[in-house]
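Next comes entry-v1.pdb, with PDB, C-alpha atoms.
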```pdb
MODEL        1
ATOM      1  CA  MET A   1     -34.307  -0.828  18.652
ATOM      2  CA  ASN A   2     -30.850  -1.996  19.765
ATOM      3  CA  LYS A   3     -27.830  -2.421  17.469
ATOM      4  CA  SER A   4     -28.047  -6.205  17.038
ATOM      5  CA  ALA A   5     -31.731  -5.950  16.155
ATOM      6  CA  THR A   6     -30.847  -3.365  13.482
ATOM      7  CA  GLN A   7     -28.222  -5.755  12.117
ATOM      8  CA  ILE A   8     -30.664  -8.683  11.974
ATOM      9  CA  GLN A   9     -33.231  -6.579  10.136
ATOM     10  CA  GLU A  10     -30.618  -5.464   7.602
ATOM     11  CA  ASP A  11     -29.470  -9.055   7.052
ATOM     12  CA  LYS A  12     -33.040 -10.200   6.541
ATOM     13  CA  SER A  13     -33.722  -7.531   3.933
ATOM     14  CA  GLY A  14     -30.343  -8.202   2.322
ATOM     15  CA  GLU A  15     -31.154 -11.896   1.826
ATOM     16  CA  HIS A  16     -33.463 -11.009  -1.041
ATOM     17  CA  LEU A  17     -30.914  -8.858  -2.828
ATOM     18  CA  PRO A  18     -30.198 -10.514  -6.203
ATOM     19  CA  ASN A  19     -26.643 -10.693  -7.520
ATOM     20  CA  GLY A  20     -27.621  -8.915 -10.767
ATOM     21  CA  PRO A  21     -26.646  -5.384  -9.677
ATOM     22  CA  ALA A  22     -23.248  -6.646  -8.461
ATOM     23  CA  ALA A  23     -22.716  -8.521 -11.724
ATOM     24  CA  ALA A  24     -23.563  -5.370 -13.690
ATOM     25  CA  ALA A  25     -21.017  -3.318 -11.724
ATOM     26  CA  VAL A  26     -18.279  -5.964 -12.029
ATOM     27  CA  LEU A  27     -18.760  -6.605 -15.752
ATOM     28  CA  ALA A  28     -18.937  -2.896 -16.580
ATOM     29  CA  SER A  29     -15.741  -2.268 -14.625
ATOM     30  CA  GLY A  30     -13.902  -4.983 -16.554
ATOM     31  CA  ALA A  31     -15.270  -3.687 -19.861
ATOM     32  CA  GLY A  32     -14.243  -0.130 -18.956
ATOM     33  CA  SER A  33     -10.672  -1.284 -18.322
ATOM     34  CA  ALA A  34     -10.577  -3.105 -21.655
ATOM     35  CA  ALA A  35     -12.036  -0.058 -23.437
ATOM     36  CA  LEU A  36      -9.280   2.073 -21.941
ATOM     37  CA  GLY A  37      -6.624  -0.297 -23.279
ATOM     38  CA  ILE A  38      -8.216  -0.637 -26.732
ATOM     39  CA  LEU A  39      -8.645   3.126 -27.139
ATOM     40  CA  GLY A  40      -5.088   3.751 -25.924
ATOM     41  CA  VAL A  41      -3.673   1.353 -28.523
ATOM     42  CA  ALA A  42      -5.956   2.753 -31.248
ATOM     43  CA  GLY A  43      -4.829   6.292 -30.486
ATOM     44  CA  ASP A  44      -1.205   5.201 -30.551
ATOM     45  CA  ALA A  45      -1.538   3.224 -33.785
ATOM     46  CA  SER A  46      -3.490   5.713 -35.883
ATOM     47  CA  LYS A  47      -2.891   9.440 -36.245
ATOM     48  CA  PRO A  48      -6.497  10.181 -37.380
ATOM     49  CA  ILE A  49      -7.856   8.335 -34.321
ATOM     50  CA  ALA A  50      -5.382  10.183 -32.093
ATOM     51  CA  LYS A  51      -6.619  13.466 -33.569
ATOM     52  CA  LEU A  52     -10.222  12.396 -33.064
ATOM     53  CA  LEU A  53      -9.477  11.535 -29.429
ATOM     54  CA  THR A  54      -7.820  14.863 -28.700
ATOM     55  CA  PHE A  55     -10.660  16.470 -26.753
ATOM     56  CA  TYR A  56      -8.338  18.755 -24.810
ATOM     57  CA  LEU A  57      -5.280  19.801 -26.810
ATOM     58  CA  PRO A  58      -2.790  20.232 -23.913
ATOM     59  CA  ALA A  59      -3.450  16.643 -22.739
ATOM     60  CA  GLY A  60      -3.529  15.205 -26.287
ATOM     61  CA  PRO A  61      -5.267  11.911 -27.148
ATOM     62  CA  LEU A  62      -5.195  10.839 -23.476
ATOM     63  CA  SER A  63      -8.122  13.207 -22.872
ATOM     64  CA  GLY A  64     -10.322  11.405 -25.400
ATOM     65  CA  VAL A  65      -9.135   7.921 -24.470
ATOM     66  CA  THR A  66     -10.070   8.432 -20.818
ATOM     67  CA  CYS A  67     -13.305  10.365 -21.448
ATOM     68  CA  VAL A  68     -14.656   7.817 -23.939
ATOM     69  CA  ALA A  69     -13.627   4.874 -21.717
ATOM     70  CA  ILE A  70     -15.334   6.424 -18.680
ATOM     71  CA  ILE A  71     -18.518   7.261 -20.599
ATOM     72  CA  PHE A  72     -18.567   3.718 -22.018
ATOM     73  CA  TRP A  73     -18.022   2.209 -18.540
ATOM     74  CA  LEU A  74     -20.757   4.290 -16.897
ATOM     75  CA  ALA A  75     -23.233   3.789 -19.757
ATOM     76  CA  LEU A  76     -22.676   0.020 -19.751
ATOM     77  CA  TRP A  77     -23.026  -0.084 -15.950
ATOM     78  CA  PHE A  78     -26.295   1.868 -16.183
ATOM     79  CA  ILE A  79     -27.711  -0.368 -18.939
ATOM     80  CA  LEU A  80     -26.698  -3.642 -17.247
ATOM     81  CA  ALA A  81     -27.893  -2.431 -13.848
ATOM     82  CA  LYS A  82     -31.305  -1.660 -15.340
ATOM     83  CA  ARG A  83     -31.536  -5.049 -17.052
ATOM     84  CA  TRP A  84     -30.231  -7.089 -14.105
ATOM     85  CA  ALA A  85     -31.759  -5.052 -11.273
ATOM     86  CA  THR A  86     -34.001  -7.867 -10.054
ATOM     87  CA  ARG A  87     -32.256 -10.840 -11.627
ATOM     88  CA  THR A  88     -29.943 -13.501 -10.284
ATOM     89  CA  VAL A  89     -27.343 -14.112 -12.974
ATOM     90  CA  ALA A  90     -24.705 -16.814 -13.530
ATOM     91  CA  PHE A  91     -22.011 -15.012 -11.614
ATOM     92  CA  ALA A  92     -19.230 -17.476 -12.496
ATOM     93  CA  ARG A  93     -19.583 -16.517 -16.161
ATOM     94  CA  VAL A  94     -19.713 -12.811 -15.339
ATOM     95  CA  ASN A  95     -16.564 -13.255 -13.219
ATOM     96  CA  ILE A  96     -14.653 -14.941 -16.029
ATOM     97  CA  ALA A  97     -15.699 -12.301 -18.560
ATOM     98  CA  ALA A  98     -14.939  -9.405 -16.201
ATOM     99  CA  LEU A  99     -11.516 -10.767 -15.228
ATOM    100  CA  ALA A 100     -10.652 -11.491 -18.874
ATOM    101  CA  LEU A 101     -11.581  -7.915 -19.800
ATOM    102  CA  LEU A 102      -9.599  -6.542 -16.859
ATOM    103  CA  ALA A 103      -6.570  -8.618 -17.913
ATOM    104  CA  LEU A 104      -6.977  -7.330 -21.483
ATOM    105  CA  GLY A 105      -7.038  -3.768 -20.150
ATOM    106  CA  PHE A 106      -3.830  -4.390 -18.198
ATOM    107  CA  LEU A 107      -2.125  -6.020 -21.187
ATOM    108  CA  LEU A 108      -3.068  -3.306 -23.673
ATOM    109  CA  THR A 109      -1.863  -0.510 -21.391
ATOM    110  CA  PHE A 110       1.568  -2.196 -21.140
ATOM    111  CA  PRO A 111       3.638  -0.434 -23.848
ATOM    112  CA  PRO A 112       5.792  -3.421 -24.955
ATOM    113  CA  PHE A 113       2.623  -5.475 -25.546
ATOM    114  CA  ALA A 114       0.855  -2.580 -27.280
ATOM    115  CA  ASP A 115       3.915  -2.119 -29.514
ATOM    116  CA  LEU A 116       4.009  -5.849 -30.241
ATOM    117  CA  ILE A 117       0.435  -5.983 -31.546
ATOM    118  CA  GLN A 118       1.075  -2.857 -33.617
ATOM    119  CA  GLY A 119       4.134  -4.515 -35.144
ATOM    120  CA  LYS A 120       6.482  -1.796 -33.902
TER     121      LYS A 120
ATOM    122  CA  MET B   1      12.138  27.750   1.495
ATOM    123  CA  GLU B   2      10.228  28.037  -1.754
ATOM    124  CA  ILE B   3       8.346  25.829  -4.152
ATOM    125  CA  THR B   4       7.080  26.445  -7.656
ATOM    126  CA  TYR B   5       3.372  26.244  -8.453
ATOM    127  CA  ARG B   6       3.859  23.244 -10.750
ATOM    128  CA  SER B   7       5.950  21.426  -8.126
ATOM    129  CA  LEU B   8       3.251  22.044  -5.542
ATOM    130  CA  ILE B   9       0.515  20.647  -7.778
ATOM    131  CA  THR B  10       2.713  17.640  -8.598
ATOM    132  CA  LEU B  11       3.297  17.120  -4.881
ATOM    133  CA  ILE B  12      -0.445  17.258  -4.152
ATOM    134  CA  HIS B  13      -1.111  14.841  -7.035
ATOM    135  CA  GLY B  14       1.495  12.282  -5.977
ATOM    136  CA  MET B  15       2.035  12.619  -2.255
ATOM    137  CA  LEU B  16      -1.498  13.525  -1.214
ATOM    138  CA  PHE B  17      -3.928  11.967  -3.694
ATOM    139  CA  GLY B  18      -1.804   9.126  -5.087
ATOM    140  CA  ALA B  19      -0.037   7.996  -1.938
ATOM    141  CA  PHE B  20      -3.148   8.210   0.249
ATOM    142  CA  PHE B  21      -5.112   6.337  -2.427
ATOM    143  CA  LEU B  22      -2.551   3.515  -2.330
ATOM    144  CA  MET B  23      -2.605   3.436   1.471
ATOM    145  CA  ALA B  24      -6.404   3.420   1.523
ATOM    146  CA  ILE B  25      -6.551   0.481  -0.921
ATOM    147  CA  SER B  26      -3.994  -1.444   1.140
ATOM    148  CA  GLY B  27      -6.134  -0.906   4.263
ATOM    149  CA  LEU B  28      -9.207  -2.102   2.398
ATOM    150  CA  LEU B  29      -7.338  -5.182   1.132
ATOM    151  CA  VAL B  30      -6.315  -6.108   4.676
ATOM    152  CA  GLU B  31      -9.939  -5.769   5.822
ATOM    153  CA  LEU B  32     -11.216  -7.820   2.864
ATOM    154  CA  PHE B  33      -8.726 -10.617   3.581
ATOM    155  CA  ARG B  34      -9.486 -10.471   7.308
ATOM    156  CA  SER B  35     -13.237 -10.698   6.764
ATOM    157  CA  THR B  36     -12.736 -13.748   4.521
ATOM    158  CA  PHE B  37     -11.382 -15.758   7.435
ATOM    159  CA  SER B  38     -13.532 -14.483  10.294
ATOM    160  CA  GLU B  39     -17.158 -14.669  11.296
ATOM    161  CA  PRO B  40     -19.176 -11.481  10.740
ATOM    162  CA  SER B  41     -19.873  -9.486  13.878
ATOM    163  CA  PRO B  42     -22.651  -6.964  14.479
ATOM    164  CA  VAL B  43     -21.664  -3.460  13.394
ATOM    165  CA  SER B  44     -23.217  -0.280  14.734
ATOM    166  CA  SER B  45     -24.772   2.231  12.369
ATOM    167  CA  LYS B  46     -21.974   4.705  13.207
ATOM    168  CA  ALA B  47     -19.347   2.145  12.237
ATOM    169  CA  GLN B  48     -21.207   1.485   8.976
ATOM    170  CA  LEU B  49     -21.246   5.201   8.277
ATOM    171  CA  LEU B  50     -17.491   5.349   8.889
ATOM    172  CA  GLU B  51     -16.967   2.413   6.514
ATOM    173  CA  ARG B  52     -18.926   4.223   3.817
ATOM    174  CA  LEU B  53     -16.970   7.410   4.419
ATOM    175  CA  TYR B  54     -13.706   5.450   4.116
ATOM    176  CA  LEU B  55     -14.818   3.912   0.820
ATOM    177  CA  PHE B  56     -16.015   7.274  -0.508
ATOM    178  CA  CYS B  57     -12.707   8.960   0.405
ATOM    179  CA  THR B  58     -10.717   6.123  -1.198
ATOM    180  CA  VAL B  59     -12.613   6.509  -4.474
ATOM    181  CA  ALA B  60     -12.426  10.324  -4.336
ATOM    182  CA  LEU B  61      -8.639  10.169  -3.813
ATOM    183  CA  GLY B  62      -8.277   7.880  -6.829
ATOM    184  CA  TRP B  63     -10.265  10.144  -9.119
ATOM    185  CA  ALA B  64      -8.503  13.254  -7.792
ATOM    186  CA  ALA B  65      -5.135  11.611  -8.534
ATOM    187  CA  VAL B  66      -5.923  10.701 -12.151
ATOM    188  CA  LEU B  67      -7.743  13.949 -12.951
ATOM    189  CA  THR B  68      -4.973  16.204 -11.623
ATOM    190  CA  GLY B  69      -2.400  13.965 -13.294
ATOM    191  CA  ALA B  70      -3.999  13.954 -16.738
ATOM    192  CA  TYR B  71      -5.419  17.462 -16.933
ATOM    193  CA  LEU B  72      -2.984  19.573 -14.890
ATOM    194  CA  ILE B  73       0.425  17.899 -14.766
ATOM    195  CA  TYR B  74       0.488  15.907 -18.008
ATOM    196  CA  PRO B  75       0.097  19.048 -20.206
ATOM    197  CA  TRP B  76       3.124  20.578 -18.435
ATOM    198  CA  TYR B  77       5.031  17.321 -18.885
ATOM    199  CA  ARG B  78       4.341  17.028 -22.632
ATOM    200  CA  ALA B  79       4.741  20.739 -23.491
ATOM    201  CA  VAL B  80       6.666  21.205 -26.747
ATOM    202  CA  PRO B  81       9.819  23.363 -26.549
ATOM    203  CA  PRO B  82       9.970  26.261 -29.016
ATOM    204  CA  ALA B  83      12.476  25.917 -31.835
ATOM    205  CA  GLY B  84      16.023  26.707 -30.811
ATOM    206  CA  VAL B  85      15.546  26.095 -27.089
ATOM    207  CA  MET B  86      18.588  24.319 -25.653
ATOM    208  CA  ASP B  87      17.538  24.053 -22.024
ATOM    209  CA  LEU B  88      14.999  21.231 -21.946
ATOM    210  CA  ALA B  89      14.490  21.275 -18.155
ATOM    211  CA  PRO B  90      11.041  22.940 -18.434
ATOM    212  CA  PHE B  91       9.997  20.291 -20.983
ATOM    213  CA  PRO B  92      10.264  16.960 -19.108
ATOM    214  CA  ARG B  93       9.121  14.707 -21.961
ATOM    215  CA  TYR B  94      11.687  16.120 -24.348
ATOM    216  CA  LEU B  95      14.359  16.130 -21.667
ATOM    217  CA  LEU B  96      13.851  12.396 -21.073
ATOM    218  CA  LYS B  97      13.739  11.575 -24.777
ATOM    219  CA  SER B  98      16.900  13.553 -25.479
ATOM    220  CA  SER B  99      19.083  10.799 -24.042
ATOM    221  CA  PRO B 100      19.007   7.003 -24.560
ATOM    222  CA  ALA B 101      19.817   6.661 -20.855
ATOM    223  CA  THR B 102      16.537   8.313 -19.863
ATOM    224  CA  SER B 103      14.169   7.796 -22.824
ATOM    225  CA  GLY B 104      12.890   4.538 -21.321
ATOM    226  CA  TRP B 105      11.386   6.482 -18.436
ATOM    227  CA  HIS B 106       9.088   8.094 -20.982
ATOM    228  CA  ASP B 107       8.641   5.246 -23.481
ATOM    229  CA  LEU B 108       7.824   2.670 -20.826
ATOM    230  CA  GLY B 109       7.162   4.667 -17.654
ATOM    231  CA  MET B 110       4.950   7.533 -18.770
ATOM    232  CA  GLU B 111       3.322   5.620 -21.640
ATOM    233  CA  TRP B 112       2.274   2.890 -19.170
ATOM    234  CA  LYS B 113       1.431   5.177 -16.263
ATOM    235  CA  GLU B 114      -0.794   7.571 -18.199
ATOM    236  CA  HIS B 115      -3.192   4.746 -19.137
ATOM    237  CA  ILE B 116      -2.994   2.093 -16.427
ATOM    238  CA  ALA B 117      -3.586   4.643 -13.669
ATOM    239  CA  TRP B 118      -7.219   5.078 -14.811
ATOM    240  CA  ILE B 119      -8.031   1.416 -14.181
ATOM    241  CA  ALA B 120      -7.502   1.956 -10.441
ATOM    242  CA  PRO B 121     -10.314   4.466  -9.702
ATOM    243  CA  MET B 122     -12.677   2.680 -12.089
ATOM    244  CA  ALA B 123     -12.103  -0.618 -10.291
ATOM    245  CA  MET B 124     -12.260   0.989  -6.838
ATOM    246  CA  THR B 125     -15.549   2.752  -7.662
ATOM    247  CA  MET B 126     -17.044  -0.652  -8.441
ATOM    248  CA  VAL B 127     -15.470  -2.218  -5.323
ATOM    249  CA  ALA B 128     -16.807   0.550  -3.080
ATOM    250  CA  TRP B 129     -20.282   0.379  -4.594
ATOM    251  CA  VAL B 130     -20.537  -3.417  -4.285
ATOM    252  CA  LEU B 131     -19.156  -3.406  -0.722
ATOM    253  CA  THR B 132     -21.693  -0.754   0.274
ATOM    254  CA  LYS B 133     -24.669  -2.383  -1.440
ATOM    255  CA  TYR B 134     -23.861  -5.976  -0.418
ATOM    256  CA  ARG B 135     -22.293  -5.248   2.945
ATOM    257  CA  ALA B 136     -24.739  -7.318   4.982
ATOM    258  CA  THR B 137     -25.044 -10.205   2.540
ATOM    259  CA  MET B 138     -21.512 -10.510   1.146
ATOM    260  CA  ARG B 139     -20.955 -13.877   2.869
ATOM    261  CA  GLU B 140     -23.798 -15.362   0.849
ATOM    262  CA  TYR B 141     -22.053 -14.421  -2.383
ATOM    263  CA  PRO B 142     -18.505 -15.841  -2.234
ATOM    264  CA  GLN B 143     -18.039 -15.246  -5.964
ATOM    265  CA  VAL B 144     -18.893 -11.573  -5.548
ATOM    266  CA  ARG B 145     -16.436 -11.353  -2.662
ATOM    267  CA  SER B 146     -13.618 -13.013  -4.651
ATOM    268  CA  VAL B 147     -14.079 -10.811  -7.726
ATOM    269  CA  VAL B 148     -14.240  -7.682  -5.558
ATOM    270  CA  LEU B 149     -10.997  -8.729  -3.885
ATOM    271  CA  THR B 150      -9.373  -9.379  -7.277
ATOM    272  CA  PHE B 151     -10.429  -5.967  -8.615
ATOM    273  CA  ALA B 152      -9.160  -4.283  -5.433
ATOM    274  CA  LEU B 153      -5.807  -6.070  -5.926
ATOM    275  CA  ALA B 154      -5.783  -4.966  -9.575
ATOM    276  CA  ALA B 155      -6.496  -1.378  -8.517
ATOM    277  CA  PHE B 156      -3.611  -1.570  -6.043
ATOM    278  CA  ALA B 157      -1.287  -2.907  -8.758
ATOM    279  CA  ALA B 158      -2.386  -0.241 -11.264
ATOM    280  CA  ALA B 159      -1.990   2.567  -8.721
ATOM    281  CA  GLY B 160       1.359   1.069  -7.662
ATOM    282  CA  VAL B 161       2.697   1.121 -11.240
ATOM    283  CA  ALA B 162       1.488   4.708 -11.690
ATOM    284  CA  GLY B 163       2.931   5.781  -8.351
ATOM    285  CA  PHE B 164       6.313   4.147  -8.935
ATOM    286  CA  PHE B 165       6.776   5.646 -12.392
ATOM    287  CA  GLY B 166       5.417   8.991 -11.248
ATOM    288  CA  ALA B 167       8.082   9.149  -8.553
ATOM    289  CA  MET B 168      10.854   8.034 -10.908
ATOM    290  CA  LEU B 169       9.800  10.413 -13.705
ATOM    291  CA  ASN B 170       9.759  13.288 -11.273
ATOM    292  CA  LYS B 171      13.240  12.273 -10.153
ATOM    293  CA  TYR B 172      14.775  12.268 -13.647
ATOM    294  CA  ALA B 173      12.703  15.072 -15.197
ATOM    295  CA  PRO B 174      10.799  17.009 -12.546
ATOM    296  CA  VAL B 175       7.786  19.050 -13.536
ATOM    297  CA  ASN B 176       8.758  22.544 -12.518
ATOM    298  CA  GLY B 177       7.895  26.133 -13.237
ATOM    299  CA  GLY B 178       5.161  28.650 -12.725
ATOM    300  CA  ALA B 179       4.943  31.157  -9.908
ATOM    301  CA  THR B 180       7.250  30.725  -6.939
ATOM    302  CA  ILE B 181       5.481  30.176  -3.640
ATOM    303  CA  HIS B 182       7.335  31.234  -0.541
ATOM    304  CA  LEU B 183       6.844  28.753   2.297
ATOM    305  CA  VAL B 184       9.098  29.660   5.226
ATOM    306  CA  GLY B 185      12.364  31.494   5.919
ATOM    307  CA  LYS B 186      13.980  34.267   3.920
ATOM    308  CA  THR B 187      13.111  34.802   0.277
ATOM    309  CA  HIS B 188      15.790  34.182  -2.340
ATOM    310  CA  GLU B 189      17.391  37.457  -3.433
TER     311      GLU B 189
ENDMDL
END
```

What is this structure when it is put down as structure tokens?
Amino acid sequence: MNKSATQIQEDKSGEHLPNGPAAAAVLASGAGSAALGILGVAGDASKPIAKLLTFYLPAGPLSGVTCVAIIFWLALWFILAKRWATRTVAFARVNIAALALLALGFLLTFPPFADLIQGK
Amino acid sequence: MEITYRSLITLIHGMLFGAFFLMAISGLLVELFRSTFSEPSPVSSKAQLLERLYLFCTVALGWAAVLTGAYLIYPWYRAVPPAGVMDLAPFPRYLLKSSPATSGWHDLGMEWKEHIAWIAPMAMTMVAWVLTKYRATMREYPQVRSVVLTFALAAFAAAGVAGFFGAMLNKYAPVNGGATIHLVGKTHE
């Protein structure tokens, strides 16, 4: 089989690939970013939460913030990927939600904004 | 010529993992923009393998950068000086916070960098996975392509912020210490 024939075969099989798995990956990524921001602010605002998030003492609450955010991101990706594995979803809505969550993650990691919502 | 162990690790974190991660994302962004405006052409299986390797290395560099940063360098950075210590050079966080002229590098720079940096490998993992899975059919999903491009841009911005502040923090309060590693030339007597 030559190279172009291989390409055609791949394109043909790819035509039936639903957008669900992509939507699951995109939405989980946005949610993971937002989780990172929310946990970062929570750890900064509350000493008990900061203590709870200190998984590795030398790195402080950052260790818990990042571990929990990553576990949340991967778990959500796994769950959504299972549910949307064979589905075609409304990607425009997923896009809006994912980008809003990503923007929230960016905003909450920006210290002046985080301080503002904490009333510092 | 000598370097301390902590300086070497910081160098590997920033100059190897971080800088190469940024360069790899910029290369990917150029390719994503280029492919938006050009017709797809047949790609050999070897070229596809190389593309996958490139994406894998990009993601691996991102994770290596944040993991070394958070779990190796950050503990050295935030180490608390014992009571009575006057020389704060081995305690970068406290050195920066000891002066109003430099405290902003910690309050804004490190506080922002330590969190935003993690968005970059998370976003790039998703980008790499989607580009690999939907490689052949990406043109049929313009919305997938646009969101992948946006997340890649966000990853570049996040890594850029982390890289910039990492460089500046290391300029004003370098992470130093540990065993001295002799590189070349005569050893210091």

Put the listed atoms of segment 77-95 of chain B in a box along x, y and z with 5 Å added on every side and give me the centre and edge lengths in Å to one decimal, as AutoDock Vina command-line options.
```
--center_x 11.5 --center_y 20.7 --center_z -25.0 --size_x 24.2 --size_y 22.0 --size_z 23.7
```

Counting all atoms listed in the file, the residue of A:Ala81, A:Val65, A:Trp73, A:Pro58 that sits nearest Val41 of chain A: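 Closest to Val41 of chain A, using all atoms listed in the file: A:Val65.
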
Selection under test: the PyMOL selection byres ((chain B and resi 1-15) around 6); residues as a list in words: Leu16, Phe17, Gly18, Ala19, Ala65, Asn176, Gly177, Gly178, Ala179, Thr180, Ile181, His182, Leu183, Val184 and Gly185 of chain B

Target residues per the PyMOL selection byres ((chain B and resi 171) around 12), formatted as a list in words: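 For this structure, the PyMOL selection byres ((chain B and resi 171) around 12) resolves to Ser7, Thr10, Pro92, Leu96, Thr102, Trp105, Phe164, Phe165, Gly166, Ala167, Met168, Leu169, Asn170, Tyr172, Ala173, Pro174, Val175 and Asn176 of chain B.
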
Chain B residues near chain A (6 Å cut-off, only C-alpha atoms) as an MDAnalysis selection string: chainID B and resid 44 75 112 115:116 119 123 126 130 136:137

Which residue of A:Ala97, A:Asp44, A:Trp84, A:Ile49 approaches Ile117 of chain A most closely, using all atoms listed in the file: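 Using all atoms listed in the file, the shortest distance to Ile117 of chain A belongs to A:Asp44.
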
Atom CA of Pro61 of chain A to atom CA of Ala152 of chain B, straight-line distance in Å: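 Computed distance, atom CA of Ala152 of chain B to atom CA of Pro61 of chain A, equals 27.4 Å.
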